[in-house]
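Asker: So I've got this file, input_15.cif, and it contains mmCIF, C-alpha atoms:
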data_query
#
loop_
_atom_site.label_atom_id
_atom_site.label_comp_id
_atom_site.auth_asym_id
_atom_site.auth_seq_id
_atom_site.Cartn_x
_atom_site.Cartn_y
_atom_site.Cartn_z
CA MET A 5 30.66 -72.81 -67.38
CA PHE A 6 33.72 -72.87 -65.08
CA ARG A 7 34.79 -69.56 -66.60
CA LEU A 8 31.56 -67.81 -65.61
CA ILE A 9 31.48 -69.31 -62.12
CA ALA A 10 35.13 -68.38 -61.51
CA LEU A 11 34.44 -64.82 -62.69
CA LEU A 12 31.48 -64.51 -60.33
CA ILE A 13 33.47 -65.86 -57.39
CA GLY A 14 36.21 -63.33 -58.07
CA TYR A 15 33.79 -60.48 -58.65
CA SER A 16 32.06 -61.10 -55.32
CA LEU A 17 35.35 -60.91 -53.45
CA GLY A 18 36.78 -58.06 -55.50
CA SER A 19 33.76 -55.85 -54.91
CA ILE A 20 34.64 -55.61 -51.21
CA GLN A 21 36.03 -52.07 -51.43
CA MET A 22 38.25 -51.53 -48.39
CA ALA A 23 39.41 -48.09 -49.54
CA TYR A 24 35.81 -46.91 -49.54
CA ILE A 25 35.09 -48.58 -46.19
CA ILE A 26 38.11 -46.96 -44.50
CA GLY A 27 37.15 -43.62 -45.99
CA ARG A 28 33.66 -43.92 -44.54
CA LEU A 29 35.10 -44.81 -41.14
CA LYS A 30 37.03 -41.53 -41.38
CA GLY A 31 33.87 -39.69 -42.34
CA ILE A 32 34.65 -39.19 -46.03
CA ASP A 33 33.95 -40.74 -49.41
CA ILE A 34 37.47 -41.39 -50.71
CA ARG A 35 36.13 -41.13 -54.25
CA GLU A 36 35.47 -37.43 -53.66
CA HIS A 37 38.96 -36.59 -52.41
CA GLY A 38 42.44 -36.41 -53.90
CA SER A 39 42.59 -38.27 -57.20
CA LYS A 40 39.02 -39.48 -56.53
CA ASN A 41 40.20 -43.07 -56.85
CA ALA A 42 39.27 -45.75 -54.32
CA GLY A 43 42.73 -47.26 -54.16
CA MET A 44 45.92 -47.53 -52.12
CA THR A 45 47.72 -44.49 -53.52
CA ASN A 46 44.85 -42.09 -52.95
CA VAL A 47 44.17 -43.49 -49.47
CA THR A 48 47.85 -43.04 -48.61
CA ARG A 49 47.82 -39.43 -49.74
CA THR A 50 44.42 -38.56 -48.28
CA ILE A 51 44.23 -40.54 -45.02
CA GLY A 52 47.74 -41.78 -44.29
CA LYS A 53 50.42 -44.39 -44.89
CA ARG A 54 49.02 -46.97 -42.49
CA ALA A 55 45.58 -46.83 -44.05
CA GLY A 56 47.10 -47.03 -47.51
CA ALA A 57 49.21 -50.05 -46.57
CA PHE A 58 46.17 -51.81 -45.11
CA VAL A 59 44.16 -51.20 -48.29
CA PHE A 60 47.06 -52.47 -50.41
CA VAL A 61 47.36 -55.69 -48.42
CA PHE A 62 43.60 -56.24 -48.35
CA ASP A 63 43.26 -55.78 -52.11
CA ILE A 64 46.09 -58.25 -52.69
CA VAL A 65 44.60 -60.80 -50.31
CA LYS A 66 41.12 -60.70 -51.84
CA CYS A 67 42.53 -61.49 -55.29
CA ILE A 68 44.70 -64.27 -53.86
CA VAL A 69 41.65 -65.79 -52.17
CA ALA A 70 39.72 -65.57 -55.44
CA PHE A 71 42.56 -67.29 -57.32
CA VAL A 72 42.85 -70.01 -54.69
CA LEU A 73 39.11 -70.71 -54.69
CA GLY A 74 38.93 -70.86 -58.48
CA THR A 75 41.96 -73.12 -58.61
CA LEU A 76 40.81 -75.52 -55.90
CA ILE A 77 37.22 -75.75 -57.10
CA PHE A 78 38.10 -76.42 -60.73
CA GLY A 79 41.33 -78.40 -60.39
CA GLY A 80 43.61 -75.74 -61.77
CA GLU A 81 47.22 -74.78 -61.21
CA GLY A 82 49.30 -71.76 -60.38
CA ALA A 83 52.59 -70.58 -58.96
CA PHE A 84 51.91 -72.29 -55.64
CA PHE A 85 49.47 -74.99 -56.81
CA PRO A 86 50.91 -78.06 -58.57
CA TYR A 87 48.51 -79.86 -60.88
CA VAL A 88 47.08 -82.79 -58.93
CA CYS A 89 44.02 -83.92 -60.91
CA GLU A 90 44.67 -87.34 -62.41
CA CYS A 91 41.38 -87.85 -64.20
CA GLU A 92 41.10 -87.61 -67.97
CA MET A 93 37.68 -85.97 -67.91
CA GLY A 94 36.51 -83.05 -65.82
CA CYS A 95 39.89 -81.32 -65.59
CA PHE A 96 39.94 -78.13 -67.59
CA ARG A 97 43.22 -78.08 -69.48
CA ASP A 98 44.47 -75.20 -71.64
CA MET A 99 44.60 -76.95 -75.02
CA HIS A 100 46.69 -74.21 -76.61
CA GLY A 101 49.82 -74.51 -74.51
CA ILE A 102 52.06 -76.77 -72.48
CA MET A 103 52.26 -74.68 -69.35
CA PRO A 104 50.24 -75.28 -66.15
CA HIS A 105 46.47 -74.92 -66.44
CA VAL A 106 45.93 -71.54 -64.84
CA LEU A 107 42.63 -70.61 -66.46
CA PRO A 108 40.36 -71.13 -63.40
CA GLY A 109 42.63 -68.93 -61.30
CA ILE A 110 42.98 -66.32 -64.03
CA TYR A 111 39.23 -66.02 -64.53
CA ALA A 112 38.68 -65.74 -60.77
CA GLY A 113 41.47 -63.17 -60.49
CA ILE A 114 40.12 -61.10 -63.37
CA GLY A 115 36.72 -61.28 -61.72
CA ALA A 116 38.30 -59.82 -58.58
CA VAL A 117 39.81 -56.97 -60.59
CA LEU A 118 36.45 -56.27 -62.25
CA GLY A 119 34.73 -56.30 -58.87
CA HIS A 120 37.32 -53.91 -57.49
CA CYS A 121 37.00 -51.51 -60.43
CA PHE A 122 33.24 -51.76 -60.87
CA PRO A 123 31.57 -52.79 -57.57
CA VAL A 124 27.83 -52.99 -58.13
CA TRP A 125 27.04 -51.83 -54.58
CA LEU A 126 28.98 -48.60 -55.19
CA LYS A 127 27.29 -47.90 -58.53
CA PHE A 128 30.32 -49.34 -60.37
CA ARG A 129 32.68 -46.65 -59.06
CA GLY A 130 35.68 -48.39 -57.54
CA GLY A 131 39.44 -48.36 -57.85
CA LYS A 132 41.83 -48.97 -60.72
CA GLY A 133 42.54 -52.61 -59.96
CA VAL A 134 46.33 -52.52 -59.83
CA SER A 135 46.82 -54.23 -56.46
CA CYS A 136 44.50 -57.06 -57.45
CA ALA A 137 46.24 -57.40 -60.81
CA LEU A 138 49.66 -57.60 -59.14
CA ALA A 139 48.40 -60.38 -56.88
CA LEU A 140 47.03 -62.25 -59.88
CA ILE A 141 50.38 -62.07 -61.69
CA LEU A 142 52.15 -63.46 -58.62
CA MET A 143 49.69 -66.33 -58.30
CA ILE A 144 50.02 -67.28 -61.96
CA ASP A 145 53.80 -67.61 -62.12
CA TRP A 146 56.42 -66.29 -59.68
CA ARG A 147 58.99 -66.04 -62.51
CA VAL A 148 56.75 -63.77 -64.55
CA ALA A 149 55.96 -61.77 -61.41
CA LEU A 150 59.64 -61.37 -60.52
CA LEU A 151 60.55 -59.98 -63.93
CA ALA A 152 57.45 -57.81 -64.26
CA PHE A 153 57.76 -56.39 -60.76
CA ALA A 154 61.40 -55.56 -61.47
CA VAL A 155 60.17 -53.26 -64.23
CA GLY A 156 57.92 -51.53 -61.71
CA VAL A 157 60.68 -51.16 -59.14
CA VAL A 158 62.95 -49.53 -61.70
CA ALA A 159 60.16 -47.16 -62.75
CA VAL A 160 59.52 -46.05 -59.17
CA ALA A 161 63.24 -45.78 -58.36
CA VAL A 162 63.99 -43.68 -61.44
CA LYS A 163 60.79 -41.68 -61.98
CA ARG A 164 58.88 -42.11 -58.67
CA TYR A 165 55.60 -42.56 -60.54
CA ILE A 166 53.41 -45.35 -59.18
CA SER A 167 51.16 -45.10 -62.21
CA LEU A 168 54.11 -45.56 -64.58
CA ALA A 169 55.25 -48.61 -62.63
CA SER A 170 51.76 -50.10 -62.78
CA LEU A 171 51.47 -49.52 -66.52
CA GLY A 172 54.91 -51.02 -67.13
CA ILE A 173 54.21 -54.12 -65.07
CA MET A 174 50.95 -54.79 -66.87
CA LEU A 175 52.47 -54.17 -70.31
CA VAL A 176 55.25 -56.72 -69.95
CA THR A 177 53.18 -59.42 -68.22
CA PRO A 178 51.39 -60.92 -71.26
CA VAL A 179 54.64 -60.72 -73.22
CA LEU A 180 56.49 -62.62 -70.50
CA MET A 181 53.72 -65.21 -70.28
CA TRP A 182 53.95 -65.77 -74.03
CA LEU A 183 57.75 -66.12 -73.79
CA PHE A 184 57.34 -68.67 -71.01
CA GLY A 185 55.02 -70.71 -73.20
CA TYR A 186 51.58 -70.06 -71.78
CA GLY A 187 48.57 -70.86 -73.93
CA ILE A 188 46.74 -68.44 -76.19
CA GLU A 189 43.72 -68.03 -73.92
CA ALA A 190 45.79 -67.30 -70.83
CA VAL A 191 47.94 -64.74 -72.65
CA ALA A 192 44.91 -63.13 -74.30
CA LEU A 193 43.15 -62.80 -70.95
CA MET A 194 46.13 -61.04 -69.40
CA ALA A 195 46.45 -58.82 -72.47
CA GLY A 196 42.81 -57.88 -72.01
CA LEU A 197 43.44 -57.17 -68.34
CA THR A 198 46.38 -54.98 -69.34
CA ALA A 199 44.10 -53.01 -71.66
CA LEU A 200 41.61 -52.55 -68.82
CA ILE A 201 44.27 -51.31 -66.39
CA TRP A 202 45.61 -48.91 -69.00
CA PHE A 203 42.07 -47.64 -69.63
CA MET A 204 41.53 -47.12 -65.91
CA HIS A 205 44.76 -45.09 -65.89
CA ARG A 206 43.87 -42.90 -68.87
CA GLU A 207 43.92 -39.71 -66.79
CA ASN A 208 47.27 -40.71 -65.28
CA ILE A 209 48.63 -41.28 -68.78
CA LYS A 210 47.53 -37.79 -69.79
CA ARG A 211 49.27 -36.31 -66.74
CA LEU A 212 52.41 -38.35 -67.39
CA LEU A 213 52.54 -37.01 -70.92
CA ASN A 214 52.07 -33.38 -69.89
CA GLY A 215 54.31 -33.64 -66.83
CA THR A 216 51.68 -32.99 -64.15
CA GLU A 217 51.43 -36.49 -62.61
CA ARG A 218 52.16 -36.48 -58.88
CA LYS A 219 55.09 -38.53 -57.70
CA PHE A 220 54.88 -41.17 -54.99
CA LEU A 221 54.57 -39.65 -51.49
CA GLU A 222 54.76 -36.18 -53.00
CA LYS A 223 52.72 -33.71 -50.98
CA LYS A 224 50.23 -31.57 -52.80
CA GLU A 225 51.25 -27.94 -52.99
CA SER A 226 49.01 -25.60 -51.06
#
Could I get this structure in the form of C-alpha coordinates?

Answerer:
Amino acid sequence: MFRLIALLIGYSLGSIQMAYIIGRLKGIDIREHGSKNAGMTNVTRTIGKRAGAFVFVFDIVKCIVAFVLGTLIFGGEGAFFPYVCECEMGCFRDMHGIMPHVLPGIYAGIGAVLGHCFPVWLKFRGGKGVSCALALILMIDWRVALLAFAVGVVAVAVKRYISLASLGIMLVTPVLMWLFGYGIEAVALMAGLTALIWFMHRENIKRLLNGTERKFLEKKES
(Lines of atoms letter the chains of each structure in order from A and count residues from 1; the text may use other names and numbers.)
(Lines give C-alpha, C1' and ligand atoms only; values in the text may rest on other atoms or scores of the structure.)
Protein backbone atom coordinates (compact mmCIF):
# COMPACT_ATOMS: atom_id res chain seq x y z
CA MET A 1 0.00 0.00 0.00
CA PHE A 2 2.86 2.43 0.72
CA ARG A 3 3.89 2.15 -2.92
CA LEU A 4 0.51 3.34 -4.20
CA ILE A 5 0.22 6.15 -1.66
CA ALA A 6 3.76 7.36 -2.42
CA LEU A 7 2.99 7.30 -6.15
CA LEU A 8 -0.16 9.36 -5.63
CA ILE A 9 1.66 11.89 -3.45
CA GLY A 10 4.31 12.30 -6.12
CA TYR A 11 1.80 12.44 -8.96
CA SER A 12 -0.15 15.22 -7.27
CA LEU A 13 2.97 17.35 -6.92
CA GLY A 14 4.41 16.45 -10.30
CA SER A 15 1.25 17.43 -12.15
CA ILE A 16 1.82 21.08 -11.20
CA GLN A 17 3.05 22.12 -14.66
CA MET A 18 4.98 25.36 -14.25
CA ALA A 19 6.06 25.48 -17.90
CA TYR A 20 2.42 25.52 -18.94
CA ILE A 21 1.52 28.09 -16.27
CA ILE A 22 4.31 30.47 -17.32
CA GLY A 23 3.31 30.04 -20.95
CA ARG A 24 -0.27 31.00 -20.12
CA LEU A 25 0.94 34.05 -18.22
CA LYS A 26 2.72 35.04 -21.45
CA GLY A 27 -0.45 34.43 -23.43
CA ILE A 28 0.60 31.18 -25.10
CA ASP A 29 0.25 27.43 -24.70
CA ILE A 30 3.89 26.32 -24.58
CA ARG A 31 2.83 22.94 -25.93
CA GLU A 32 1.94 24.60 -29.22
CA HIS A 33 5.27 26.37 -29.70
CA GLY A 34 8.85 25.34 -30.42
CA SER A 35 9.35 21.64 -29.72
CA LYS A 36 5.80 21.57 -28.28
CA ASN A 37 7.18 20.24 -25.01
CA ALA A 38 6.19 21.69 -21.64
CA GLY A 39 9.69 21.68 -20.24
CA MET A 40 12.72 23.81 -19.39
CA THR A 41 14.48 23.62 -22.75
CA ASN A 42 11.46 24.66 -24.79
CA VAL A 43 10.57 27.43 -22.34
CA THR A 44 14.14 28.73 -22.56
CA ARG A 45 14.02 28.80 -26.35
CA THR A 46 10.48 30.14 -26.62
CA ILE A 47 10.13 32.57 -23.70
CA GLY A 48 13.62 33.19 -22.37
CA LYS A 49 16.47 32.04 -20.15
CA ARG A 50 15.01 33.37 -16.90
CA ALA A 51 11.70 31.62 -17.47
CA GLY A 52 13.51 28.43 -18.42
CA ALA A 53 15.68 28.56 -15.30
CA PHE A 54 12.62 29.09 -13.10
CA VAL A 55 10.85 26.11 -14.65
CA PHE A 56 13.96 23.96 -14.20
CA VAL A 57 14.26 24.85 -10.51
CA PHE A 58 10.54 24.40 -9.88
CA ASP A 59 10.48 20.96 -11.52
CA ILE A 60 13.47 19.89 -9.43
CA VAL A 61 11.92 21.19 -6.21
CA LYS A 62 8.57 19.46 -6.72
CA CYS A 63 10.29 16.09 -7.11
CA ILE A 64 12.47 16.75 -4.07
CA VAL A 65 9.38 17.59 -2.02
CA ALA A 66 7.70 14.40 -3.23
CA PHE A 67 10.77 12.34 -2.27
CA VAL A 68 10.98 13.98 1.15
CA LEU A 69 7.30 13.42 1.89
CA GLY A 70 7.43 9.78 0.82
CA THR A 71 10.57 9.22 2.86
CA LEU A 72 9.32 10.91 6.02
CA ILE A 73 5.86 9.37 5.93
CA PHE A 74 7.06 5.81 5.38
CA GLY A 75 10.34 5.81 7.30
CA GLY A 76 12.59 5.55 4.29
CA GLU A 77 16.09 6.72 3.48
CA GLY A 78 17.94 8.65 0.84
CA ALA A 79 21.05 10.66 0.11
CA PHE A 80 20.19 13.19 2.80
CA PHE A 81 17.99 11.00 5.04
CA PRO A 82 19.71 8.51 7.36
CA TYR A 83 17.60 5.54 8.37
CA VAL A 84 16.17 6.31 11.80
CA CYS A 85 13.33 3.81 12.30
CA GLU A 86 14.27 1.36 15.05
CA CYS A 87 11.16 -0.79 15.03
CA GLU A 88 11.17 -4.29 13.59
CA MET A 89 7.68 -4.03 12.14
CA GLY A 90 6.20 -1.24 10.07
CA CYS A 91 9.46 -0.17 8.43
CA PHE A 92 9.51 -1.04 4.76
CA ARG A 93 12.94 -2.51 4.04
CA ASP A 94 14.20 -3.52 0.60
CA MET A 95 14.69 -7.25 1.17
CA HIS A 96 16.77 -7.69 -1.98
CA GLY A 97 19.73 -5.52 -1.09
CA ILE A 98 21.90 -4.12 1.66
CA MET A 99 21.76 -0.47 0.67
CA PRO A 100 19.51 2.17 2.30
CA HIS A 101 15.77 1.66 1.95
CA VAL A 102 14.93 4.20 -0.72
CA LEU A 103 11.73 2.66 -2.05
CA PRO A 104 9.26 5.17 -0.53
CA GLY A 105 11.24 8.06 -1.99
CA ILE A 106 11.68 6.34 -5.34
CA TYR A 107 7.97 5.63 -5.71
CA ALA A 108 7.11 9.21 -4.76
CA GLY A 109 9.73 10.55 -7.16
CA ILE A 110 8.52 8.36 -10.01
CA GLY A 111 5.01 9.55 -9.25
CA ALA A 112 6.26 13.13 -9.66
CA VAL A 113 7.78 12.26 -13.03
CA LEU A 114 4.54 10.62 -14.16
CA GLY A 115 2.56 13.64 -13.00
CA HIS A 116 4.91 15.94 -14.89
CA CYS A 117 4.70 13.90 -18.09
CA PHE A 118 1.00 13.05 -17.91
CA PRO A 119 -0.87 15.69 -15.85
CA VAL A 120 -4.54 14.76 -15.75
CA TRP A 121 -5.66 18.40 -15.70
CA LEU A 122 -3.85 19.03 -19.00
CA LYS A 123 -5.30 15.94 -20.69
CA PHE A 124 -2.06 14.03 -19.99
CA ARG A 125 0.05 16.33 -22.16
CA GLY A 126 3.00 17.49 -20.09
CA GLY A 127 6.77 17.55 -20.31
CA LYS A 128 9.40 14.86 -20.69
CA GLY A 129 10.23 14.49 -17.02
CA VAL A 130 13.99 14.99 -17.15
CA SER A 131 14.29 17.67 -14.46
CA CYS A 132 12.21 15.63 -12.04
CA ALA A 133 14.22 12.51 -12.83
CA LEU A 134 17.50 14.34 -12.19
CA ALA A 135 16.21 15.47 -8.79
CA LEU A 136 15.18 11.92 -7.96
CA ILE A 137 18.64 10.58 -8.78
CA LEU A 138 20.23 13.19 -6.52
CA MET A 139 17.89 12.37 -3.65
CA ILE A 140 18.57 8.63 -3.92
CA ASP A 141 22.36 8.73 -3.75
CA TRP A 142 24.71 11.69 -4.27
CA ARG A 143 27.48 9.33 -5.46
CA VAL A 144 25.30 7.92 -8.23
CA ALA A 145 24.16 11.44 -9.10
CA LEU A 146 27.73 12.75 -9.27
CA LEU A 147 28.84 10.06 -11.69
CA ALA A 148 25.68 10.15 -13.79
CA PHE A 149 25.64 13.94 -14.02
CA ALA A 150 29.28 13.85 -15.11
CA VAL A 151 28.16 11.87 -18.15
CA GLY A 152 25.63 14.58 -18.93
CA VAL A 153 28.16 17.39 -18.51
CA VAL A 154 30.54 15.69 -20.93
CA ALA A 155 27.73 15.19 -23.45
CA VAL A 156 26.75 18.87 -23.34
CA ALA A 157 30.37 20.05 -23.42
CA VAL A 158 31.26 17.89 -26.41
CA LYS A 159 28.03 17.72 -28.41
CA ARG A 160 25.87 20.53 -26.90
CA TYR A 161 22.78 18.33 -27.00
CA ILE A 162 20.63 18.52 -23.88
CA SER A 163 18.63 15.54 -25.04
CA LEU A 164 21.77 13.42 -25.42
CA ALA A 165 22.90 14.40 -21.93
CA SER A 166 19.51 13.47 -20.50
CA LEU A 167 19.50 10.10 -22.24
CA GLY A 168 23.04 9.36 -21.09
CA ILE A 169 22.33 10.25 -17.47
CA MET A 170 19.26 8.04 -17.35
CA LEU A 171 21.02 5.13 -19.06
CA VAL A 172 23.89 4.92 -16.59
CA THR A 173 21.82 5.51 -13.44
CA PRO A 174 20.35 2.00 -12.96
CA VAL A 175 23.74 0.51 -13.84
CA LEU A 176 25.46 2.64 -11.21
CA MET A 177 22.81 1.77 -8.62
CA TRP A 178 23.36 -1.92 -9.30
CA LEU A 179 27.14 -1.46 -8.97
CA PHE A 180 26.65 0.33 -5.66
CA GLY A 181 24.61 -2.61 -4.38
CA TYR A 182 21.03 -1.37 -4.47
CA GLY A 183 18.25 -3.93 -4.33
CA ILE A 184 16.49 -5.46 -7.31
CA GLU A 185 13.29 -3.47 -6.91
CA ALA A 186 15.07 -0.12 -6.66
CA VAL A 187 17.23 -0.84 -9.71
CA ALA A 188 14.26 -2.16 -11.69
CA LEU A 189 12.22 0.95 -10.90
CA MET A 190 14.98 3.24 -12.13
CA ALA A 191 15.43 1.07 -15.22
CA GLY A 192 11.72 1.47 -15.89
CA LEU A 193 12.02 5.22 -15.40
CA THR A 194 14.92 5.24 -17.85
CA ALA A 195 12.74 3.46 -20.42
CA LEU A 196 10.01 6.07 -19.89
CA ILE A 197 12.41 8.99 -20.34
CA TRP A 198 13.82 7.41 -23.49
CA PHE A 199 10.29 6.90 -24.80
CA MET A 200 9.43 10.52 -24.10
CA HIS A 201 12.54 11.48 -26.08
CA ARG A 202 11.78 9.28 -29.10
CA GLU A 203 11.51 12.26 -31.45
CA ASN A 204 14.78 13.67 -30.09
CA ILE A 205 16.44 10.31 -30.70
CA LYS A 206 15.25 10.36 -34.31
CA ARG A 207 16.67 13.87 -34.77
CA LEU A 208 19.95 12.90 -33.11
CA LEU A 209 20.29 10.00 -35.52
CA ASN A 210 19.56 12.09 -38.62
CA GLY A 211 21.56 15.10 -37.43
CA THR A 212 18.69 17.59 -37.13
CA GLU A 213 18.50 17.91 -33.32
CA ARG A 214 18.92 21.51 -32.15
CA LYS A 215 21.85 22.23 -29.90
CA PHE A 216 21.55 23.93 -26.52
CA LEU A 217 20.89 27.69 -26.84
CA GLU A 218 21.03 27.38 -30.62
CA LYS A 219 18.72 29.89 -32.27
CA LYS A 220 16.28 28.62 -34.82
CA GLU A 221 17.12 29.69 -38.34
CA SER A 222 14.63 32.05 -39.89

Asker: Could you tell me, as a list in words, exactly which residues end up selected when the PyMOL selection byres ((chain A and resi 58) around 10) is applied to this structure?

Answerer: Met22, Ala23, Ile26, Met44, Val47, Thr48, Lys53, Arg54, Ala55, Gly56, Ala57, Val59, Phe60, Val61, Phe62, Asp63 and Ile64 of chain A

Asker: Kindly provide, as JSON, the centre and edge lengths (Å, one decimal) of an axis-aligned box around all atoms of segment 215-219 of chain A given in the file, with 4 Å on each side.

Answerer:
{"center_x": 53.3, "center_y": -35.8, "center_z": -62.3, "size_x": 11.7, "size_y": 13.5, "size_z": 17.1}

Asker: Could you check which of A:Leu151, A:Trp182, A:Arg218, A:Ala116 is closest to Leu197 of chain A, using only C-alpha atoms?

Answerer: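 Nearest to Leu197 of chain A: A:Ala116.
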
Asker: Select, counting all atoms listed in the file, all protein, DNA and RNA residues no farther than 12 Å from (44.5, -42.9, -66.2) in file coordinates, and express the selection as a ChimeraX atom specification.

Answerer: /A:39-41,131-134,166-168,170-171,199-213,217

Asker: Rank nothing, just name the residue among A:Met181, A:Ala137, A:Ile110, A:Leu29 nearest to Phe6 of chain A, using only C-alpha atoms.

Answerer: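 Distance minimum relative to Phe6 of chain A lands on A:Ile110.
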
Asker: Given all atoms listed in the file as the basis, pick out the residue of A:Lys219, A:Lys127, A:His120, A:Lys163 nearest to Gly43 of chain A.

Answerer: A:His120

Asker: Just the number, please: distance in Å from atom CA of Met194 of chain A to atom CA of Ile173 of chain A, one decimal.

Answerer: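 Atom-to-atom, atom CA of Met194 of chain A to atom CA of Ile173 of chain A, that is 11.5 Å.
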
Asker: Of the candidates A:Ala70, A:Val162, A:Leu175, A:Val155, which one gets nearest to Tyr111 of chain A if we count only C-alpha atoms?

Answerer: A:Ala70

Asker: What is the distance between atom CA of Tyr24 of chain A and atom CA of Gly74 of chain A, in Å to one decimal?

Answerer: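 If I compute the distance from atom CA of Tyr24 of chain A to atom CA of Gly74 of chain A, I get 25.8 Å.
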
Asker: Work out how far atom CA of Gly172 of chain A is from atom CA of Cys136 of chain A, in Å to one decimal.

Answerer: 15.4 Å

Asker: Select, from A:Gly115, A:Leu142, A:Arg164, A:Val106, the residue with the minimum atom-to-atom distance to Val191 of chain A, counting only C-alpha atoms.

Answerer: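 Among the listed residues, A:Val106 lies closest to Val191 of chain A.
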
Asker: Could you write out as a list in words the residues that the PyMOL selection byres ((chain A and resi 184) around 10) matches in the shown file?

Answerer: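 What the PyMOL selection byres ((chain A and resi 184) around 10) grabs from the file is Ile102, Met103, Asp145, Arg147, Val148, Pro178, Val179, Leu180, Met181, Trp182, Leu183, Gly185, Tyr186 and Gly187 of chain A.
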
Asker: Evaluate the PyMOL selection byres ((chain A and resi 119) around 12) here and jot the selected residues down as a VMD selection string.

Answerer: chain A and resid 11 to 21 63 66 to 67 70 112 to 118 120 to 133 136 to 137

Asker: Which one is closest to Ala83 of chain A: A:Ile144, A:Gly27, A:Phe71, A:Arg35? Count only C-alpha atoms.

Answerer: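 Once distances to Ala83 of chain A are computed over only C-alpha atoms, the minimum belongs to A:Ile144.
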